[in-house]
Structures are given as structure tokens and as C-alpha cells.
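Working notes for the structure below.
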Amino acid sequence: MAITHLKFSKPEAEKAEDDAKVRAVVEATLADIESRGDAAVRDLSAKFDGYTPDAFRLTQSEIDAAMQKVSTRDMEDIRFAQDQIRNFAQAQRASMTDVEVETLPGVILGHKNIPVQSVGCYVPGGKFPMVASAHMSVLTASVAGVPRIVSSAPPVNGEPHPAIVAAMHMGGAHEILCLGGIQAVGAMAIGTETIDPVHMLVGPGNAFVAEAKRQLFGRVGIDLFAGPTETMVIADDTVDAELCATDLLGQAEHGYNSPACMITNSRKLADATLVEIDRLLEILPTAETARASWEDYGDIVVCDTHEEMLQVANDMAYEHVQVMTDRDDWYLENMHSYGALFLGPRTNVANGDKVIGTNHTLPTKKAGRYTGGLWVGKFLKTHSYQKVLTDEAATLVGEYGSRLCMLEGFVGHAEQCNIRVRRYGGKNVPYGQAAE
């Protein structure tokens, strides 16, 4: 077995040091929001975005004005993307059915899928205002039936971003905030004098937003713990270096710390991809960020076999995994830890991010080992219920329950069972003893 790391990313210790700095800033900021409410939110918005409106929640007239600034072509494109995302989300929702079964004569067990009652959807702005994130969170929550959807995105050039506002409104947001960063997710989760708190936070964001969600988890639900965008290319010699390099840099441009990894069983392809990356970085308009990510967070791993490639890919558990090999379906069958798979050279991560219909809010930092990405089911809570309809069933289950409670020493529990055995079964069970 031979696995060669042709290129390494920066050491884990340096990454951990960066994370610790972010943690401290977020902790202090959330405490300030909890203490001072709207005043803290306004100060933070002024400091980071230079934005201090009369109110952060947009009125209907402000929403209409923003949408009028979006070109006809852009509106058509947003509608097309939302149609694809809605169609897939509706299919996912239809796969989740309520259950009711009679497990014993007179014993009814069931579960219901109930929407979370209020959700805060964060949509990133900054260098790349992510219109698509509004579809992914707001629209999916709407398909799930969430009755109160609050959506927030930072101002761009001192005003609400027209296309993001349009996507939020068309996706089904009930409240739209023009607010970014820690102050947005903090205000939605904690609540202020003018913003009612939500039950759940979803959506991607920068390192500070991701850490804020992590610290707020428990107080509210979250979709998942998300870090910087990750992309992995699994390729053999059925594809060329230009395709591999394009797919790696296409996601590395997200920020200065977006991991990109190539796994291949062809040293020739690996070497050619390194050359092609250097060529593309000379002509890519977003090369400044893409180069920083590739230099500090890029990996190339050369393996002997597809089995080794699969092992490395599952161990790394990256967010986006682009598979371009002579056995793509084999990877589909055997990959178990990832965010989303993009199979074959005709497929690509950008389509998944923007338009094809799957959700782009996905697990990073190896979270794909224990969770999938955002989907309609994340907005639904599955709650069970029980009904005992006959005296015979109450007696039968009560007798078993009584003995099993006493086995654990829970006498009060046992009496809950015993009183039913006495009333519905007419049996004499001494108080505080197990049923015979």
C-alpha cells in the first residue's frame, strides 16, 4: 500500500490557533448582544458594515424597491433555480410519512413529523453575496411548512442586496433583515427588543458566523457545524489536468482558508494538475483568494489503487466530492463520509451550489461522518405518541412495565403501571411491589 502526499496543507496546530482567536471574539460579541440587545446590534452593524437604518427589518415597500432593481434575466434565473430546489425538496418531504401501527392488540404507537416553529436563515454577503443560500435555507424551510421564517443578510454597498432580497422573498421568508455577521445570528437566536428569537438557525457563513452558531447550539437548534468550504477531486487518468485544476480552484476561491484536495492514482495527472493550477492562477480574476487557499489548505494525495483512494476520501470526509473515474458508481456505493457527491465529468460542484436542486449547505470539518447536509427533514421534528385502547392491553403492558421498573428500583414508576393493572385488570398488586 502506497499513499504519497505530493502537497500538504498548513499544520493543524496553526489552524487550531486561528480557531481559538475566533472563539474568543464570538463569545464576547454574543454576551454583548445578550446584555444590550438592539444597541449592541446597531453598534456592530455600524462598525462592520457602516449601516445604521431606522430598522433592520425591511418593510414591504423596501422589499419591493429592492426587487425592482433586479434585472429580468436575473429574476428568471432565480425562479429557475428555485423551481429545481423546490421540486427536490418536495420529493424529500413526500418521502417522510407519519406512522401509526398497532404493535399489540389495543396498543397504538405512532410518530408525527412536525415543523420547527421558527427558523432564522442566514445568507452570507461580504466579498461574494450568496444569492443561492437564500434558496437553500428559506425555500427548503418553506416546503417543510415552517410557520415563521426569518432571513438575514448583510448590506452590500450600504444597502440590502437586491437579488438576495428577491430570493428571500420569493423563497417564502416572512421577515427579512438587513444584518450580517455575528450580530445577525446572535440577534435571531437571542432576540432583542425589536427581533423575536427563533428556535433554529441555519445557513452558511464565515468563520465568525459558524462559531456563533456553534456557541448558540443548545439554546437554539442549528442545521450543522459548518466551517470553510471544502472540495475534493477524486480522479484517475480518464480525465485531464485542466478539468481537475478548474474544479479545485472553483471552490478554493470562496475564501483564504477553503481546503481543496485531489486524490488520484495517477502521478502523471497529479503533476500535470499542479502545473495547470499555476497556469489558471495567472488568469483567474479571483486568484488572490484561490491562491491563498491552495497554498495553505491544498492537498494532493497519490495512491496506488482505487481502494486506497476510497479509504483516504472517507477518512478526510470532505464537503464536496467530485468523482471523475472509470468507476463513479462504485464510489457512490462505497463512500460513507462526505457532504455531497458529484459524479462524472459532466457534473460539477458549482451546479450543486447554485441551481441543480440539491442543497448546498453541507457538513465540513469531517462532520460528514455523522450528519448529512441541510434538507427539508432538518426542519421537521419527529415526535412519537402512544395510545392503549383496551383493558387487556393496559393490563398486559402494565404487568411487564411493573416488573421492569422494579428491576431498576423505580418504585414510583412501577406504581404507574400497577394502578392500571388494578383498575383495568382487576388484579390485586400490593403497593410498591412488582406485578406477578
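Identifiers in the C-alpha cells: chain A, B, ... in order shown; residue index from 1 per chain; ligand index from 1 in order shown.
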
Nearby residues (only C-alpha atoms) at most 10 Å from Gly191 (chain A), same-chain spacing under 4 positions excluded, as a PyMOL selection string: chain A and resi 33-34+37-38+185-187+195-198

Give me, as an NGL selection string, the residues of region 125-359 of chain A that a backbone DSSP run labels alpha helix (DSSP H). :A and (131-134 or 140-144 or 162-171 or 181-190 or 207-216 or 241-252 or 267-281 or 287-297 or 306-316 or 328-334 or 349-354)

Find the residues around Val99 (chain A) up to 7 Å (only C-alpha atoms counted), leave out those fewer than 3 positions away in its own chain, and share them as a PDB file with all heavy atoms, in the first residue's frame.
```pdb
ATOM      1  N   GLY A 110     -47.175   5.582  17.289  1.00  0.00           N
ATOM      2  CA  GLY A 110     -47.038   6.362  16.069  1.00  0.00           C
ATOM      3  C   GLY A 110     -46.022   7.466  16.209  1.00  0.00           C
ATOM      4  O   GLY A 110     -45.482   7.712  17.283  1.00  0.00           O
ATOM      5  N   HIS A 111     -45.748   8.095  15.085  1.00  0.00           N
ATOM      6  CA  HIS A 111     -44.971   9.338  15.125  1.00  0.00           C
ATOM      7  C   HIS A 111     -45.500  10.320  14.094  1.00  0.00           C
ATOM      8  O   HIS A 111     -46.078   9.944  13.072  1.00  0.00           O
ATOM      9  CB  HIS A 111     -43.464   9.095  14.979  1.00  0.00           C
ATOM     10  CG  HIS A 111     -42.976   8.800  13.588  1.00  0.00           C
ATOM     11  ND1 HIS A 111     -42.086   7.788  13.321  1.00  0.00           N
ATOM     12  CD2 HIS A 111     -43.209   9.393  12.380  1.00  0.00           C
ATOM     13  CE1 HIS A 111     -41.799   7.772  12.022  1.00  0.00           C
ATOM     14  NE2 HIS A 111     -42.471   8.739  11.430  1.00  0.00           N
ATOM     15  N   LYS A 112     -45.313  11.602  14.417  1.00  0.00           N
ATOM     16  CA  LYS A 112     -45.698  12.691  13.537  1.00  0.00           C
ATOM     17  C   LYS A 112     -44.459  13.518  13.211  1.00  0.00           C
ATOM     18  O   LYS A 112     -43.582  13.702  14.056  1.00  0.00           O
ATOM     19  CB  LYS A 112     -46.733  13.603  14.216  1.00  0.00           C
ATOM     20  CG  LYS A 112     -48.082  12.977  14.473  1.00  0.00           C
ATOM     21  CD  LYS A 112     -49.010  13.966  15.184  1.00  0.00           C
ATOM     22  CE  LYS A 112     -49.254  15.193  14.312  1.00  0.00           C
ATOM     23  NZ  LYS A 112     -50.177  16.163  14.978  1.00  0.00           N
TER      24      LYS A 112
END
```

Which residues, written as an NGL selection string, have at least one atom at most 7 Å from region 133-143 of chain A, with only C-alpha atoms counted and residues fewer than 3 positions away on the same chain left out? :A and (82 or 86 or 89-90 or 121 or 123 or 130 or 146 or 149 or 164 or 167-168 or 171-173 or 202-203 or 359-360 or 375-376 or 379)

Kindly export the residues of the current selection with C-alpha atoms, as a PDB file, in the first residue's frame.
```pdb
ATOM      1  CA  GLN A  82     -35.876  27.900  -7.026  1.00  0.00           C
ATOM      2  CA  ARG A  86     -38.400  23.265  -4.592  1.00  0.00           C
ATOM      3  CA  ALA A  89     -37.335  19.430  -1.515  1.00  0.00           C
ATOM      4  CA  GLN A  90     -40.963  18.453  -2.184  1.00  0.00           C
ATOM      5  CA  CYS A 121     -31.868  31.689   7.851  1.00  0.00           C
ATOM      6  CA  VAL A 123     -27.373  34.338   3.944  1.00  0.00           C
ATOM      7  CA  MET A 130     -24.517  34.274  -1.914  1.00  0.00           C
ATOM      8  CA  VAL A 146     -42.162  26.258   8.996  1.00  0.00           C
ATOM      9  CA  ILE A 149     -39.115  32.090   8.598  1.00  0.00           C
ATOM     10  CA  ILE A 164     -30.675  38.320  -2.188  1.00  0.00           C
ATOM     11  CA  ALA A 167     -34.533  35.305  -3.462  1.00  0.00           C
ATOM     12  CA  MET A 168     -35.543  35.518   0.202  1.00  0.00           C
ATOM     13  CA  GLY A 171     -38.457  31.654  -1.303  1.00  0.00           C
ATOM     14  CA  GLY A 172     -41.074  32.387   1.346  1.00  0.00           C
ATOM     15  CA  ALA A 173     -39.398  34.457   4.087  1.00  0.00           C
ATOM     16  CA  VAL A 202     -29.473  27.562   9.516  1.00  0.00           C
ATOM     17  CA  GLY A 203     -27.247  28.658   6.675  1.00  0.00           C
ATOM     18  CA  ASN A 359     -28.938  21.665  -1.081  1.00  0.00           C
ATOM     19  CA  HIS A 360     -25.556  23.366  -0.844  1.00  0.00           C
ATOM     20  CA  TRP A 375     -32.564  19.255   3.669  1.00  0.00           C
ATOM     21  CA  VAL A 376     -36.274  19.511   4.258  1.00  0.00           C
ATOM     22  CA  PHE A 379     -36.785  21.493   9.630  1.00  0.00           C
TER      23      PHE A 379
END
```

Of the listed residues A:Ala184, A:Val321, A:His169, A:Thr382, that which approaches Phe48 (chain A) most closely, counting only C-alpha atoms: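 Closest residue, counting only C-alpha atoms: A:Ala184.
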
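Nearest-residue note for Glu211 (chain A): choosing from A:Val25, A:Met170, A:Val119, A:Leu343, the minimum distance belongs to A:Val25, counting only C-alpha atoms.
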
Find the residues around Gly357 (chain A) up to 7 Å (only C-alpha atoms counted), leave out those fewer than 5 positions away in its own chain, and share them as a PyMOL selection string. chain A and resi 84-85+88+352

Which one of A:Leu362, A:Pro155, A:Ile283, A:Leu201 sits closest to Arg219 (chain A) if you count only C-alpha atoms? A:Leu201

Nearest residue to Ile63 (chain A) from the set A:Glu12, A:Leu104, A:Tyr122, A:His174 (distances using only C-alpha atoms):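 Residue with the minimum atom-to-atom distance to Ile63 (chain A): A:His174.
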
Contacts of Leu177 (chain A) at 6 Å or less, counting only C-alpha atoms, minus same-chain residues fewer than 6 places along, as a PyMOL selection string? chain A and resi 56-58+152

Where does DSSP see strand (DSSP E or B) in region 176-384 of chain A, if you list the residues as a ChimeraX atom specification? /A:176-178,200-202,217,220-222,231-235,260-264,298-303,320-324,340-343,380-384

Just the selected residues (C-alpha atoms), exported as a short mmCIF file (atom, residue, chain, number, x, y, z; two decimals), in the first residue's frame, please.
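What landed in part_12.cif:
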```
data_model
loop_
_atom_site.label_atom_id
_atom_site.label_comp_id
_atom_site.auth_asym_id
_atom_site.auth_seq_id
_atom_site.Cartn_x
_atom_site.Cartn_y
_atom_site.Cartn_z
CA ILE A 176 -36.30 39.90 6.08
CA LEU A 177 -33.46 41.56 7.99
CA CYS A 178 -30.56 43.53 6.52
CA MET A 200 -33.38 27.20 14.97
CA LEU A 201 -30.53 28.76 12.96
CA VAL A 202 -29.47 27.56 9.52
CA PHE A 217 -26.33 25.46 19.75
CA VAL A 220 -31.40 27.01 19.58
CA GLY A 221 -31.11 24.19 17.09
CA ILE A 222 -28.74 24.51 14.16
CA THR A 231 -13.70 20.49 -2.16
CA MET A 232 -12.18 17.16 -3.11
CA VAL A 233 -11.46 15.81 -6.57
CA ILE A 234 -11.15 12.04 -6.91
CA ALA A 235 -9.75 11.40 -10.39
CA ALA A 260 -9.06 21.77 -1.72
CA CYS A 261 -7.76 18.23 -2.10
CA MET A 262 -7.02 15.98 -5.05
CA ILE A 263 -6.84 12.21 -4.68
CA THR A 264 -5.59 10.26 -7.68
CA GLY A 298 -4.38 22.48 -0.65
CA ASP A 299 -3.51 18.77 -0.66
CA ILE A 300 -2.62 16.30 -3.38
CA VAL A 301 -2.60 12.62 -2.42
CA VAL A 302 -1.33 9.96 -4.85
CA CYS A 303 -2.46 6.38 -4.23
CA HIS A 320 -17.89 18.47 -1.82
CA VAL A 321 -16.51 15.36 -3.50
CA GLN A 322 -16.15 15.47 -7.29
CA VAL A 323 -15.64 11.92 -8.64
CA MET A 324 -14.27 11.53 -12.17
CA ALA A 340 -22.38 15.64 -1.30
CA LEU A 341 -21.11 13.62 -4.26
CA PHE A 342 -20.78 15.00 -7.79
CA LEU A 343 -20.42 12.04 -10.11
CA LEU A 380 -39.02 18.66 10.81
CA LYS A 381 -39.08 17.10 14.27
CA THR A 382 -40.25 13.51 14.55
CA HIS A 383 -42.37 13.10 17.68
CA SER A 384 -43.76 9.80 18.92
#
```

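Relative to CA of Ser402 (chain A), CA of Ala434 (chain A) is found at 5.3 Å.
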
Restricting the calculation to only C-alpha atoms, which member of A:Ile190, A:Val239, A:Glu295, A:His5 is positioned closest to Gly218 (chain A)?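 The shortest atom-to-atom distance to Gly218 (chain A) comes from A:Ile190.
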
If you count only C-alpha atoms, which residues fall within 10 Å of Tyr51 (chain A), apart from same-chain ones fewer than 4 positions away, as a count of residues only? 16

Grab the CA of Asp271 (chain A) to CA of Lys7 (chain A) distance for me, in Å with one decimal place.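 Those two atoms sit 10.5 Å apart.
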
Of A:Thr238, A:Thr29, A:Asn265, A:Asn87, the one nearest to Glu308 (chain A) when counting only C-alpha atoms is A:Asn265

So what do you get for CA of Asp237 (chain A) versus CA of Ala2 (chain A), distance-wise? 17.8 Å
